[in-house]
file target_10.cif (mmCIF, C-alpha atoms and all ligand atoms)
data_final
#
loop_
_atom_site.label_atom_id
_atom_site.label_comp_id
_atom_site.auth_asym_id
_atom_site.auth_seq_id
_atom_site.Cartn_x
_atom_site.Cartn_y
_atom_site.Cartn_z
CA MET S 1 11.00 -11.71 14.79
CA ASN S 2 9.56 -9.43 17.42
CA ASP S 3 9.07 -10.32 20.96
CA HIS S 4 5.52 -9.68 21.89
CA SER S 5 5.76 -7.47 24.88
CA GLU S 6 3.25 -4.69 24.84
CA ALA S 7 6.13 -2.25 25.00
CA GLU S 8 6.71 -3.04 21.31
CA SER S 9 3.56 -1.15 20.54
CA PRO S 10 3.83 2.17 22.29
CA GLY S 11 0.50 3.41 23.50
CA HIS S 12 -1.34 0.21 22.90
CA ASP S 13 -1.94 -0.53 26.56
CA ARG S 14 -3.93 2.68 26.73
CA MET S 15 -6.33 1.43 24.15
CA LYS S 16 -8.90 -1.04 25.20
CA ALA S 17 -10.17 -1.48 21.67
CA VAL S 18 -8.74 -2.81 18.43
CA PRO S 19 -6.76 0.13 16.95
CA GLY S 20 -8.78 1.81 14.22
CA TRP S 21 -11.96 -0.10 15.07
CA ASN S 22 -15.24 1.53 14.03
CA GLU S 23 -18.97 0.90 13.88
CA GLU S 24 -18.86 -0.62 10.42
CA LEU S 25 -16.38 -3.22 11.63
CA GLU S 26 -18.41 -3.77 14.77
CA SER S 27 -21.46 -4.63 12.69
CA ALA S 28 -19.45 -6.91 10.35
CA PHE S 29 -18.02 -8.66 13.40
CA SER S 30 -21.39 -9.03 15.11
CA ALA S 31 -22.08 -12.04 12.86
CA TYR S 32 -19.53 -13.98 14.92
CA LYS S 33 -20.84 -15.58 18.05
CA GLY S 34 -18.88 -17.83 20.38
CA PRO S 35 -15.13 -18.23 20.70
CA TYR S 36 -14.19 -15.44 18.29
CA ILE S 37 -12.27 -12.25 18.94
CA ALA S 38 -11.44 -9.36 16.64
CA GLY S 39 -7.95 -8.05 16.06
CA ARG S 40 -5.76 -6.11 13.67
CA VAL S 41 -2.68 -7.43 11.91
CA GLU S 42 0.39 -5.64 13.25
CA SER S 43 2.82 -7.53 11.03
CA ARG S 44 2.69 -10.54 8.80
CA HIS S 45 5.30 -13.26 8.80
CA LYS S 46 5.47 -16.26 6.52
CA THR S 47 3.05 -18.50 8.40
CA VAL S 48 1.92 -16.41 11.36
CA CYS S 49 0.66 -12.93 12.11
CA ASP S 50 1.32 -10.61 15.02
CA ILE S 51 -2.08 -9.31 16.00
CA LEU S 52 -3.26 -6.48 18.21
CA ILE S 53 -6.33 -7.39 20.21
CA PRO S 54 -7.89 -5.11 22.83
CA GLY S 55 -5.14 -4.38 25.33
CA ALA S 56 -2.60 -6.95 24.11
CA ALA S 57 -0.46 -8.22 21.25
CA VAL S 58 -0.66 -11.90 20.34
CA GLN S 59 0.57 -14.23 17.66
CA ALA S 60 -1.81 -16.32 15.55
CA GLY S 61 -1.64 -18.89 12.79
CA ILE S 62 -3.66 -18.59 9.60
CA SER S 63 -6.50 -20.94 8.72
CA GLY S 64 -5.60 -23.25 5.85
CA ALA S 65 -9.08 -22.83 4.39
CA LEU S 66 -8.59 -19.06 4.27
CA LEU S 67 -5.29 -19.45 2.42
CA ARG S 68 -6.80 -21.98 0.02
CA ILE S 69 -9.41 -19.49 -1.12
CA GLY S 70 -6.61 -17.00 -1.75
CA LYS S 71 -7.19 -14.73 1.23
CA GLN S 72 -3.92 -13.53 2.72
CA PRO S 73 -4.07 -11.44 5.87
CA VAL S 74 -1.71 -8.46 5.55
CA VAL S 75 -0.66 -5.62 7.83
CA GLY S 76 -3.62 -3.34 8.59
CA ASP S 77 -6.24 -6.04 8.15
CA PHE S 78 -9.01 -6.38 10.70
CA VAL S 79 -9.36 -10.09 11.29
CA VAL S 80 -11.52 -12.62 13.09
CA LEU S 81 -9.59 -14.92 15.41
CA LEU S 82 -10.75 -18.26 16.61
CA ASP S 83 -9.61 -18.25 20.21
CA GLN S 84 -8.83 -21.65 21.69
CA PRO S 85 -7.78 -21.06 25.28
CA GLU S 86 -7.68 -24.81 26.02
CA THR S 87 -4.77 -25.26 23.57
CA GLY S 88 -3.53 -21.71 23.98
CA SER S 89 -3.73 -21.23 20.20
CA ARG S 90 -5.35 -18.61 18.07
CA LEU S 91 -6.15 -18.85 14.38
CA VAL S 92 -7.06 -16.16 11.84
CA VAL S 93 -10.25 -17.50 10.28
CA ASN S 94 -11.49 -14.50 8.35
CA ILE S 95 -10.63 -11.01 7.15
CA LEU S 96 -13.23 -8.28 7.70
CA PRO S 97 -14.08 -6.08 4.67
CA ARG S 98 -11.15 -3.86 3.63
CA ARG S 99 -11.91 -0.17 3.46
CA THR S 100 -8.84 0.68 1.38
CA CYS S 101 -6.18 -1.52 -0.13
CA LEU S 102 -2.62 -0.59 -1.08
CA SER S 103 -1.38 -3.01 -3.70
CA ARG S 104 1.15 -3.29 -6.44
CA GLY S 105 1.31 -5.28 -9.64
CA ALA S 106 2.90 -8.58 -8.69
CA ALA S 107 6.25 -9.37 -10.19
CA GLY S 108 6.62 -12.47 -12.35
CA GLU S 109 4.62 -13.76 -15.26
CA GLY S 110 1.50 -14.63 -13.31
CA GLY S 111 0.53 -10.98 -13.00
CA GLY S 112 -2.23 -10.04 -10.62
CA GLU S 113 -1.90 -7.82 -7.64
CA GLN S 114 -0.07 -8.14 -4.38
CA VAL S 115 -1.78 -6.47 -1.46
CA LEU S 116 0.76 -4.68 0.74
CA ALA S 117 -1.36 -3.07 3.45
CA THR S 118 -5.02 -2.29 4.07
CA ASN S 119 -7.47 0.02 5.84
CA ILE S 120 -5.27 3.08 5.44
CA ASP S 121 -6.82 6.56 5.64
CA THR S 122 -3.86 8.67 4.55
CA ILE S 123 -0.68 7.74 2.74
CA PHE S 124 2.39 9.90 3.23
CA ILE S 125 4.40 9.78 0.02
CA VAL S 126 7.85 10.62 1.34
CA THR S 127 10.42 12.22 -0.90
CA ALA S 128 13.54 14.15 0.00
CA ALA S 129 15.33 17.26 -1.15
CA GLY S 130 18.26 16.17 -3.25
CA LYS S 131 18.63 13.54 -5.90
CA ASP S 132 15.55 11.54 -4.90
CA LEU S 133 13.26 14.37 -5.90
CA ASN S 134 11.74 13.17 -9.13
CA LEU S 135 8.37 14.41 -10.35
CA ARG S 136 7.85 11.38 -12.57
CA ARG S 137 8.31 9.05 -9.63
CA LEU S 138 5.88 11.13 -7.58
CA GLU S 139 3.29 10.81 -10.36
CA ARG S 140 3.71 7.06 -10.17
CA TYR S 141 3.27 7.05 -6.40
CA LEU S 142 0.20 9.28 -6.66
CA THR S 143 -1.34 6.86 -9.15
CA VAL S 144 -0.73 3.93 -6.82
CA VAL S 145 -2.09 5.79 -3.79
CA TYR S 146 -5.23 6.96 -5.57
CA SER S 147 -5.87 3.39 -6.69
CA SER S 148 -5.71 2.29 -3.06
CA GLY S 149 -8.60 4.54 -2.02
CA ALA S 150 -6.49 6.33 0.62
CA ASN S 151 -5.78 10.07 0.57
CA PRO S 152 -2.30 11.06 -0.57
CA VAL S 153 -0.13 13.67 1.17
CA ILE S 154 3.35 14.43 -0.14
CA LEU S 155 6.13 15.00 2.40
CA LEU S 156 9.28 16.76 1.28
CA ASN S 157 11.77 15.53 3.85
CA LYS S 158 15.35 16.77 4.39
CA ALA S 159 14.16 20.33 3.86
CA ASP S 160 17.20 21.28 5.97
CA LEU S 161 19.42 20.31 3.04
CA ALA S 162 17.66 22.54 0.50
CA ASP S 163 18.77 26.12 -0.19
CA ASN S 164 15.23 27.04 -1.07
CA PRO S 165 12.66 24.49 0.14
CA ALA S 166 9.75 26.71 -0.90
CA ARG S 167 10.87 26.47 -4.51
CA LEU S 168 10.97 22.67 -4.30
CA VAL S 169 7.48 22.66 -2.79
CA GLU S 170 6.26 24.75 -5.73
CA LYS S 171 7.88 22.35 -8.14
CA ILE S 172 6.06 19.41 -6.54
CA ARG S 173 2.76 21.31 -6.43
CA SER S 174 2.92 21.63 -10.22
CA ILE S 175 2.12 17.92 -10.51
CA ALA S 176 0.21 17.39 -7.27
CA GLY S 177 -3.20 18.93 -8.01
CA ASP S 178 -5.03 19.33 -4.69
CA VAL S 179 -2.66 17.06 -2.80
CA PRO S 180 -1.03 18.79 0.21
CA VAL S 181 2.76 19.14 -0.01
CA ILE S 182 4.50 19.46 3.35
CA PRO S 183 8.19 20.37 3.77
CA LEU S 184 9.84 19.05 6.93
CA SER S 185 12.99 17.69 8.45
CA ALA S 186 12.68 14.40 10.28
CA LEU S 187 16.27 14.71 11.47
CA SER S 188 15.96 18.14 13.06
CA LYS S 189 12.29 17.53 13.88
CA THR S 190 11.01 20.67 12.22
CA GLY S 191 7.70 20.97 10.40
CA LEU S 192 6.29 17.83 12.02
CA ASP S 193 3.30 19.70 13.50
CA ALA S 194 1.85 19.98 9.99
CA LEU S 195 1.28 16.21 10.14
CA ASN S 196 -1.02 16.40 13.17
CA PRO S 197 -4.25 16.75 11.18
CA TYR S 198 -3.60 13.29 9.72
CA LEU S 199 -2.39 11.60 12.88
CA LYS S 200 -5.67 11.54 14.74
CA PRO S 201 -6.83 8.84 17.17
CA GLY S 202 -8.09 5.79 15.30
CA GLU S 203 -6.82 7.06 11.93
CA THR S 204 -4.34 4.96 9.99
CA VAL S 205 -1.45 6.51 8.09
CA ALA S 206 1.08 4.63 5.95
CA LEU S 207 4.43 5.79 4.65
CA ILE S 208 5.76 4.97 1.21
CA GLY S 209 8.80 6.24 -0.63
CA SER S 210 12.19 5.15 -1.85
CA SER S 211 14.71 3.78 0.56
CA GLY S 212 16.86 6.50 2.09
CA VAL S 213 14.32 9.34 1.99
CA GLY S 214 13.99 9.20 5.78
CA LYS S 215 10.88 7.14 6.55
CA SER S 216 12.43 5.40 9.55
CA THR S 217 13.86 8.66 10.85
CA LEU S 218 10.40 10.20 10.55
CA ILE S 219 8.72 7.36 12.42
CA ASN S 220 11.30 7.66 15.20
CA ALA S 221 10.74 11.42 15.33
CA LEU S 222 6.98 10.92 15.64
CA PHE S 223 7.50 8.53 18.54
CA ASP S 224 10.30 10.59 19.99
CA LYS S 225 12.30 7.38 20.35
CA THR S 226 13.78 4.61 18.25
CA VAL S 227 11.09 2.22 17.08
CA GLN S 228 12.53 1.66 13.63
CA LYS S 229 16.16 1.23 12.66
CA THR S 230 17.39 3.90 10.27
CA ALA S 231 19.67 3.21 7.30
CA ASP S 232 22.87 3.95 9.23
CA VAL S 233 22.03 1.42 11.94
CA ARG S 234 20.69 -1.13 9.45
CA LYS S 235 24.01 -1.00 7.62
CA ASP S 236 26.02 -1.65 10.80
CA ASP S 237 23.66 -4.42 11.77
CA ASP S 238 23.70 -6.61 8.76
CA LYS S 239 27.18 -5.94 7.44
CA GLY S 240 26.17 -5.74 3.83
CA ARG S 241 23.47 -8.38 3.81
CA HIS S 242 19.98 -7.36 2.81
CA THR S 243 17.88 -6.47 5.79
CA THR S 244 14.69 -8.44 6.04
CA THR S 245 11.90 -5.98 5.63
CA VAL S 246 8.76 -6.47 7.61
CA ARG S 247 5.94 -4.02 7.23
CA GLN S 248 4.70 -3.08 10.61
CA LEU S 249 1.95 -1.18 12.26
CA PHE S 250 2.82 1.18 15.13
CA LEU S 251 0.57 2.94 17.59
CA LEU S 252 1.21 6.54 18.54
CA PRO S 253 0.44 7.44 22.16
CA ASN S 254 -2.63 9.42 21.04
CA GLY S 255 -4.14 6.34 19.35
CA ALA S 256 -3.16 7.17 15.76
CA ILE S 257 -1.81 4.25 13.76
CA VAL S 258 1.26 4.36 11.52
CA ILE S 259 2.26 1.68 9.02
CA ASP S 260 5.83 1.66 7.85
CA ASN S 261 6.54 0.35 4.38
CA PRO S 262 10.20 -0.42 4.16
CA GLY S 263 11.48 -2.10 1.06
CA ILE S 264 9.11 -0.68 -1.51
CA ARG S 265 11.71 0.33 -4.02
CA GLU S 266 10.15 0.40 -7.44
CA ILE S 267 6.43 0.18 -7.05
CA GLN S 268 4.56 -1.35 -9.98
CA LEU S 269 1.09 -0.22 -10.85
CA GLY S 270 -1.78 -2.58 -10.18
CA ASP S 271 -4.38 -3.19 -12.84
CA SER S 272 -6.89 -0.44 -12.17
CA SER S 273 -7.03 2.76 -14.19
CA GLU S 274 -8.88 4.78 -11.55
CA GLY S 275 -5.72 5.96 -9.84
CA LEU S 276 -4.20 7.10 -13.11
CA GLU S 277 -7.25 9.22 -13.90
CA LYS S 278 -7.10 10.91 -10.53
CA ALA S 279 -3.36 11.48 -10.61
CA PHE S 280 -3.63 13.04 -14.06
CA SER S 281 -6.94 14.84 -13.69
CA ASP S 282 -5.59 17.82 -15.68
CA ILE S 283 -4.96 15.59 -18.70
CA ILE S 284 -8.28 13.77 -18.30
CA SER S 285 -10.16 17.04 -18.13
CA ALA S 286 -8.37 18.51 -21.17
CA ALA S 287 -9.20 15.28 -23.04
CA GLN S 288 -12.91 16.13 -22.78
CA ASN S 289 -12.31 18.47 -25.69
CA CYS S 290 -10.45 16.09 -27.99
CA ARG S 291 -12.17 15.68 -31.34
CA PHE S 292 -12.21 11.87 -31.09
CA LYS S 293 -13.69 10.20 -28.03
CA ASP S 294 -11.06 7.45 -28.25
CA CYS S 295 -8.20 9.89 -28.74
CA THR S 296 -4.92 8.53 -27.35
CA HIS S 297 -3.26 11.97 -27.32
CA HIS S 298 -0.33 10.82 -29.43
CA ASP S 299 -0.78 12.44 -32.84
CA GLU S 300 -4.49 12.69 -33.53
CA PRO S 301 -5.89 15.82 -35.19
CA GLY S 302 -7.97 17.98 -32.90
CA CYS S 303 -6.30 16.59 -29.76
CA ALA S 304 -6.96 19.04 -26.93
CA VAL S 305 -4.27 17.50 -24.74
CA LEU S 306 -1.53 18.04 -27.32
CA GLN S 307 -2.93 21.53 -27.76
CA ALA S 308 -2.59 22.14 -24.00
CA VAL S 309 1.02 20.91 -24.14
CA GLU S 310 1.71 23.26 -27.01
CA GLU S 311 0.26 26.16 -25.05
CA GLY S 312 2.46 25.25 -22.11
CA LEU S 313 -0.51 24.39 -19.85
CA ILE S 314 0.63 20.79 -19.44
CA PRO S 315 4.38 20.01 -19.37
CA GLU S 316 5.46 17.66 -22.12
CA GLU S 317 7.27 15.37 -19.64
CA ARG S 318 4.02 15.02 -17.75
CA LEU S 319 2.16 13.81 -20.85
CA GLU S 320 5.04 11.40 -21.51
CA SER S 321 4.77 10.15 -17.95
CA TYR S 322 1.02 9.64 -18.46
CA HIS S 323 1.65 7.66 -21.64
CA ARG S 324 4.27 5.52 -19.97
CA LEU S 325 2.04 4.70 -17.00
CA THR S 326 -0.90 3.97 -19.31
CA GLU S 327 1.25 1.49 -21.24
CA GLU S 328 2.26 -0.09 -17.98
CA LEU S 329 -1.38 -0.47 -16.94
CA VAL S 330 -2.24 -2.11 -20.26
CA PHE S 331 0.68 -4.47 -19.77
CA GLN S 332 -0.34 -5.30 -16.19
CA SER S 333 -3.92 -6.01 -17.15
CA LYS S 334 -2.83 -8.24 -20.05
CA LYS S 335 -0.55 -10.06 -17.69
CA SER S 336 -3.32 -10.72 -15.20
CA GLU S 337 -5.62 -11.80 -18.03
CA ILE S 338 -3.06 -14.37 -19.14
CA GLY S 339 -2.76 -15.45 -15.51
CA LEU S 340 -6.53 -15.88 -15.31
CA LYS S 341 -6.67 -17.86 -18.54
CA ARG S 342 -4.01 -20.19 -17.24
CA LEU S 343 -5.92 -20.62 -14.01
CA GLU S 344 -9.09 -21.39 -15.97
CA LYS S 345 -7.18 -23.99 -18.04
CA GLU S 346 -5.82 -25.58 -14.90
CA LYS S 347 -9.28 -25.70 -13.41
CA HIS S 348 -10.68 -27.51 -16.46
CA ARG S 349 -7.76 -29.89 -16.42
CA ASP S 350 -8.28 -30.62 -12.73
CA ILE S 351 -11.98 -31.19 -13.27
CA ALA S 352 -11.26 -33.49 -16.23
CA VAL S 353 -8.84 -35.51 -14.12
CA THR S 354 -11.37 -35.79 -11.33
CA ILE S 355 -14.10 -36.93 -13.74
CA LYS S 356 -11.78 -39.49 -15.29
CA LYS S 357 -11.00 -40.90 -11.86
CA TYR S 358 -14.69 -40.92 -11.01
CA ARG S 359 -15.60 -42.77 -14.23
CA LYS S 360 -12.89 -45.32 -13.62
CA PHE S 361 -14.30 -45.79 -10.17
CA THR S 362 -17.93 -46.16 -11.25
CA GLY S 363 -17.09 -48.07 -14.44
CA LYS S 364 -19.17 -45.60 -16.50
CA PRO S 365 -17.87 -44.65 -19.98
P1 LIG L 401 14.40 5.18 5.01
O1 LIG L 401 15.15 4.17 4.19
O2 LIG L 401 13.38 5.90 4.18
O3 LIG L 401 13.80 4.59 6.25
O4 LIG L 401 15.48 6.29 5.44
P2 LIG L 401 16.19 6.51 6.86
O5 LIG L 401 15.25 7.02 7.86
O6 LIG L 401 16.96 5.29 7.20
O7 LIG L 401 17.20 7.73 6.51
C1 LIG L 401 18.21 7.64 5.54
C2 LIG L 401 19.31 8.66 5.85
O8 LIG L 401 18.81 10.00 5.71
C3 LIG L 401 19.83 8.58 7.27
O9 LIG L 401 21.22 8.78 7.23
C4 LIG L 401 19.14 9.71 7.99
O10 LIG L 401 19.88 10.20 9.08
C5 LIG L 401 19.02 10.74 6.90
N1 LIG L 401 17.87 11.65 7.13
C6 LIG L 401 16.61 11.31 7.41
N2 LIG L 401 15.83 12.40 7.56
C7 LIG L 401 16.63 13.48 7.35
C8 LIG L 401 16.42 14.91 7.36
O11 LIG L 401 15.33 15.42 7.60
N3 LIG L 401 17.50 15.67 7.06
C9 LIG L 401 18.72 15.15 6.80
N4 LIG L 401 19.72 16.00 6.53
N5 LIG L 401 18.97 13.83 6.79
C10 LIG L 401 17.94 12.99 7.06
ZN ZN L 402 -6.39 13.81 -27.37
#

call {"tool": "encode", "arguments": {"input": "target_10.cif", "output": "structure tokens", "more": "lines below"}}
Ligand code: GDP
Ligand code: ZN
result
Amino acid sequence: MNDHSEAESPGHDRMKAVPGWNEELESAFSAYKGPYIAGRVESRHKTVCDILIPGAAVQAGISGALLRIGKQPVVGDFVVLLDQPETGSRLVVNILPRRTCLSRGAAGEGGGEQVLATNIDTIFIVTAAGKDLNLRRLERYLTVVYSSGANPVILLNKADLADNPARLVEKIRSIAGDVPVIPLSALSKTGLDALNPYLKPGETVALIGSSGVGKSTLINALFDKTVQKTADVRKDDDKGRHTTTVRQLFLLPNGAIVIDNPGIREIQLGDSSEGLEKAFSDIISAAQNCRFKDCTHHDEPGCAVLQAVEEGLIPEERLESYHRLTEELVFQSKKSEIGLKRLEKEKHRDIAVTIKKYRKFTGKP
């Protein structure tokens, strides 16, 4: 666990406000009178949160009532704290409305979504020259990012290792639509200036990407010092054990906010189709001309998407990728439906048990 010196959050002492705070939040928070303060979750542990409040970092517990109604504070959340100076304790009692929400389909049979981080303006999808570079995986990440409501930017890291980085950038652009693609080298600190437009005071940026692409190295380069252990150090540290991965929010000296997302290996889609439609806008727009409105673009006659593939306008692998992700969405949404049904069943059972107890108590039939 962290120690809570302010030095852990570079730049924070310069900010006398909650990082990323804005007027909308101010007006949502104005409903709270009395012993309440606002803060932002810096990192979430099992039962407590590290929270940045104006000018300081504190630790707070989480209200049991909040957890019982299924609200889990996560990194990036703006929260309301009940401040109890007499006991020296602070409790998260509410979460202010989330502007954007990065989530993934939860593992396990229950389905549903797991929220990873919130209130992010821009998400850097980090990939690297070399074997990680995989257009299909990038399509998946784009879908997830679009679903979150944040703006995607693709970073091609380790450009120093590529013979021809420009060609790789072109390759990525072929699937990226309007999304900016930025080549850089976190290790040699070249190309980092191109990130400045996204790292503005009060703006929140998150990094996602497979392990090993250089996210920690990039964060360290942005801070110009070690704030996050890179793979080499992690390996030495834990001698083969899995490192515990805590998502954390960092403050740049200029007041920009960066959220690291270690440990997202294979990201599952959530259960919204919006992101898919944005990530594959070329396919969606070709589909306008399919003969059947419910065309699935598999083998229907008059399918404009298949036509576009035939004409070489849409790569076949891209259509396959679209089909695969669509299937996955259908699966996720079925899974969460089953989860909901089970919940509903449990609710009825609980109510029945309660009524039975009540009748026994009152002696009514
Ligand atoms: P993470 O798992 O995404 O956080 O990746 P790390 O930051 O731990 O980096 C993984 C490995 O890639 C380390 O050995 C880094 O030194 C190396 N690395 C990171 N960025 C670059 C880069 O721009 N160029 C080169 N050549 N290596 C890099
Ligand atoms: Zn079609």

call {"tool": "residues_near_ligand", "arguments": {"input": "target_10.cif", "ligand": "ligand LIG 401 (chain L)", "cutoff": "6 Å", "atoms": "only C-alpha atoms and all ligand atoms", "output": "PyMOL selection string"}}
result
chain S and resi 157-158+160-161+185-187+211-217+230-232

call {"tool": "write_last_selection", "arguments": {"input": "target_10.cif", "atoms": "C-alpha atoms", "output": "tab-separated table (two decimals), in the coordinates of the input"}}
result
chain	number	residue	atom	x	y	z
S	157	ASN	CA	11.77	15.53	3.85
S	158	LYS	CA	15.35	16.77	4.39
S	160	ASP	CA	17.20	21.28	5.97
S	161	LEU	CA	19.42	20.31	3.04
S	185	SER	CA	12.99	17.69	8.45
S	186	ALA	CA	12.68	14.40	10.28
S	187	LEU	CA	16.27	14.71	11.47
S	211	SER	CA	14.71	3.78	0.56
S	212	GLY	CA	16.86	6.50	2.09
S	213	VAL	CA	14.32	9.34	1.99
S	214	GLY	CA	13.99	9.20	5.78
S	215	LYS	CA	10.88	7.14	6.55
S	216	SER	CA	12.43	5.40	9.55
S	217	THR	CA	13.86	8.66	10.85
S	230	THR	CA	17.39	3.90	10.27
S	231	ALA	CA	19.67	3.21	7.30
S	232	ASP	CA	22.87	3.95	9.23

call {"tool": "residues_near_ligand", "arguments": {"input": "target_10.cif", "ligand": "ligand ZN 402 (chain L)", "cutoff": "6 Å", "atoms": "all atoms listed in the file", "output": "PDB file with C-alpha atoms, keeping the file's coordinate frame"}}
result
ATOM      1  CA  ALA S 287      -9.200  15.280 -23.040  1.00  0.00           C
ATOM      2  CA  CYS S 290     -10.450  16.090 -27.990  1.00  0.00           C
ATOM      3  CA  CYS S 295      -8.200   9.890 -28.740  1.00  0.00           C
ATOM      4  CA  THR S 296      -4.920   8.530 -27.350  1.00  0.00           C
ATOM      5  CA  HIS S 297      -3.260  11.970 -27.320  1.00  0.00           C
ATOM      6  CA  CYS S 303      -6.300  16.590 -29.760  1.00  0.00           C
ATOM      7  CA  ALA S 304      -6.960  19.040 -26.930  1.00  0.00           C
ATOM      8  CA  VAL S 305      -4.270  17.500 -24.740  1.00  0.00           C
TER       9      VAL S 305
END

call {"tool": "residues_near_point", "arguments": {"input": "target_10.cif", "point": "(-8.0, -8.6, 23.8)", "cutoff": "10 Å", "atoms": "all atoms listed in the file", "output": "compact mmCIF listing (two decimals) with C-alpha atoms, in the coordinates of the input"}}
result
# COMPACT_ATOMS: atom_id res chain seq x y z
CA LYS S 16 -8.90 -1.04 25.20
CA ALA S 17 -10.17 -1.48 21.67
CA VAL S 18 -8.74 -2.81 18.43
CA ILE S 37 -12.27 -12.25 18.94
CA ALA S 38 -11.44 -9.36 16.64
CA GLY S 39 -7.95 -8.05 16.06
CA ILE S 51 -2.08 -9.31 16.00
CA LEU S 52 -3.26 -6.48 18.21
CA ILE S 53 -6.33 -7.39 20.21
CA PRO S 54 -7.89 -5.11 22.83
CA GLY S 55 -5.14 -4.38 25.33
CA ALA S 56 -2.60 -6.95 24.11
CA ALA S 57 -0.46 -8.22 21.25
CA VAL S 58 -0.66 -11.90 20.34

call {"tool": "residues_around", "arguments": {"input": "target_10.cif", "residues": "region 88-102 of chain S", "least_positions_apart": "5", "cutoff": "8 Å", "atoms": "all atoms listed in the file", "output": "ChimeraX atom specification"}}
result
/S:25,28-29,59-63,66,71,73,77-83,115-121,144-145,147-150

call {"tool": "closest_residue", "arguments": {"input": "target_10.cif", "among": "S:Gly34, S:Ile257, S:Leu269, S:Phe223", "to": "Gln332 (chain S)", "atoms": "only C-alpha atoms"}}
result
S:Leu269

call {"tool": "atom_distance", "arguments": {"input": "target_10.cif", "atom1": "CA of Asn196 (chain S)", "atom2": "CA of Asn254 (chain S)"}}
result
10.6 Å

call {"tool": "residues_near_point", "arguments": {"input": "target_10.cif", "point": "(13.5, 14.2, -4.5)", "cutoff": "9 Å", "atoms": "all atoms listed in the file", "output": "ChimeraX atom specification"}}
result
/S:126-135,137-138,156-157,168,213

call {"tool": "closest_residue", "arguments": {"input": "target_10.cif", "among": "S:Gly177, S:Ser210, S:Arg359, S:Glu328", "to": "Asp282 (chain S)", "atoms": "all atoms listed in the file"}}
result
S:Gly177

call {"tool": "atom_distance", "arguments": {"input": "target_10.cif", "atom1": "CA of Leu218 (chain S)", "atom2": "CA of Asn151 (chain S)"}}
result
19.0 Å

call {"tool": "atom_distance", "arguments": {"input": "target_10.cif", "atom1": "CA of Pro180 (chain S)", "atom2": "CA of Val153 (chain S)"}}
result
5.3 Å

call {"tool": "closest_residue", "arguments": {"input": "target_10.cif", "among": "S:Thr143, S:Leu251, S:Gln307, S:Ile182", "to": "Glu274 (chain S)", "atoms": "only C-alpha atoms"}}
result
S:Thr143

call {"tool": "closest_residue", "arguments": {"input": "target_10.cif", "among": "S:Asp224, S:Val181, S:Lys278, S:Ser30", "to": "Ala194 (chain S)", "atoms": "all atoms listed in the file"}}
result
S:Val181

call {"tool": "closest_residue", "arguments": {"input": "target_10.cif", "among": "S:Tyr146, S:Trp21, S:Tyr198, S:Tyr36", "to": "Ser281 (chain S)", "atoms": "all atoms listed in the file"}}
result
S:Tyr146

call {"tool": "closest_residue", "arguments": {"input": "target_10.cif", "among": "S:Gln288, S:Thr122, S:Thr87, S:Ser321", "to": "Glu203 (chain S)", "atoms": "all atoms listed in the file"}}
result
S:Thr122

call {"tool": "build_atoms", "arguments": {"input": "target_10.cif", "residues": "region 323-333 of chain S", "atoms": "N, CA and C atoms", "output": "PDB file, in the frame of the given file"}}
result
ATOM      1  N   HIS S 323       1.615   8.716 -20.613  1.00  0.00           N
ATOM      2  CA  HIS S 323       1.650   7.660 -21.640  1.00  0.00           C
ATOM      3  C   HIS S 323       2.369   6.425 -21.137  1.00  0.00           C
ATOM      4  N   ARG S 324       3.487   6.650 -20.455  1.00  0.00           N
ATOM      5  CA  ARG S 324       4.270   5.520 -19.970  1.00  0.00           C
ATOM      6  C   ARG S 324       3.467   4.705 -18.958  1.00  0.00           C
ATOM      7  N   LEU S 325       2.812   5.407 -18.025  1.00  0.00           N
ATOM      8  CA  LEU S 325       2.040   4.700 -17.000  1.00  0.00           C
ATOM      9  C   LEU S 325       0.825   4.002 -17.599  1.00  0.00           C
ATOM     10  N   THR S 326       0.230   4.624 -18.637  1.00  0.00           N
ATOM     11  CA  THR S 326      -0.900   3.970 -19.310  1.00  0.00           C
ATOM     12  C   THR S 326      -0.449   2.654 -19.946  1.00  0.00           C
ATOM     13  N   GLU S 327       0.696   2.714 -20.634  1.00  0.00           N
ATOM     14  CA  GLU S 327       1.250   1.490 -21.240  1.00  0.00           C
ATOM     15  C   GLU S 327       1.466   0.417 -20.183  1.00  0.00           C
ATOM     16  N   GLU S 328       1.965   0.857 -19.046  1.00  0.00           N
ATOM     17  CA  GLU S 328       2.260  -0.090 -17.980  1.00  0.00           C
ATOM     18  C   GLU S 328       0.978  -0.746 -17.464  1.00  0.00           C
ATOM     19  N   LEU S 329      -0.086   0.056 -17.371  1.00  0.00           N
ATOM     20  CA  LEU S 329      -1.380  -0.470 -16.940  1.00  0.00           C
ATOM     21  C   LEU S 329      -1.895  -1.513 -17.915  1.00  0.00           C
ATOM     22  N   VAL S 330      -1.780  -1.187 -19.221  1.00  0.00           N
ATOM     23  CA  VAL S 330      -2.240  -2.110 -20.260  1.00  0.00           C
ATOM     24  C   VAL S 330      -1.473  -3.429 -20.126  1.00  0.00           C
ATOM     25  N   PHE S 331      -0.165  -3.293 -19.914  1.00  0.00           N
ATOM     26  CA  PHE S 331       0.680  -4.470 -19.770  1.00  0.00           C
ATOM     27  C   PHE S 331       0.265  -5.301 -18.547  1.00  0.00           C
ATOM     28  N   GLN S 332       0.066  -4.602 -17.417  1.00  0.00           N
ATOM     29  CA  GLN S 332      -0.340  -5.300 -16.190  1.00  0.00           C
ATOM     30  C   GLN S 332      -1.654  -6.049 -16.377  1.00  0.00           C
ATOM     31  N   SER S 333      -2.610  -5.383 -17.054  1.00  0.00           N
ATOM     32  CA  SER S 333      -3.920  -6.010 -17.150  1.00  0.00           C
ATOM     33  C   SER S 333      -3.869  -7.194 -18.118  1.00  0.00           C
TER      34      SER S 333
END
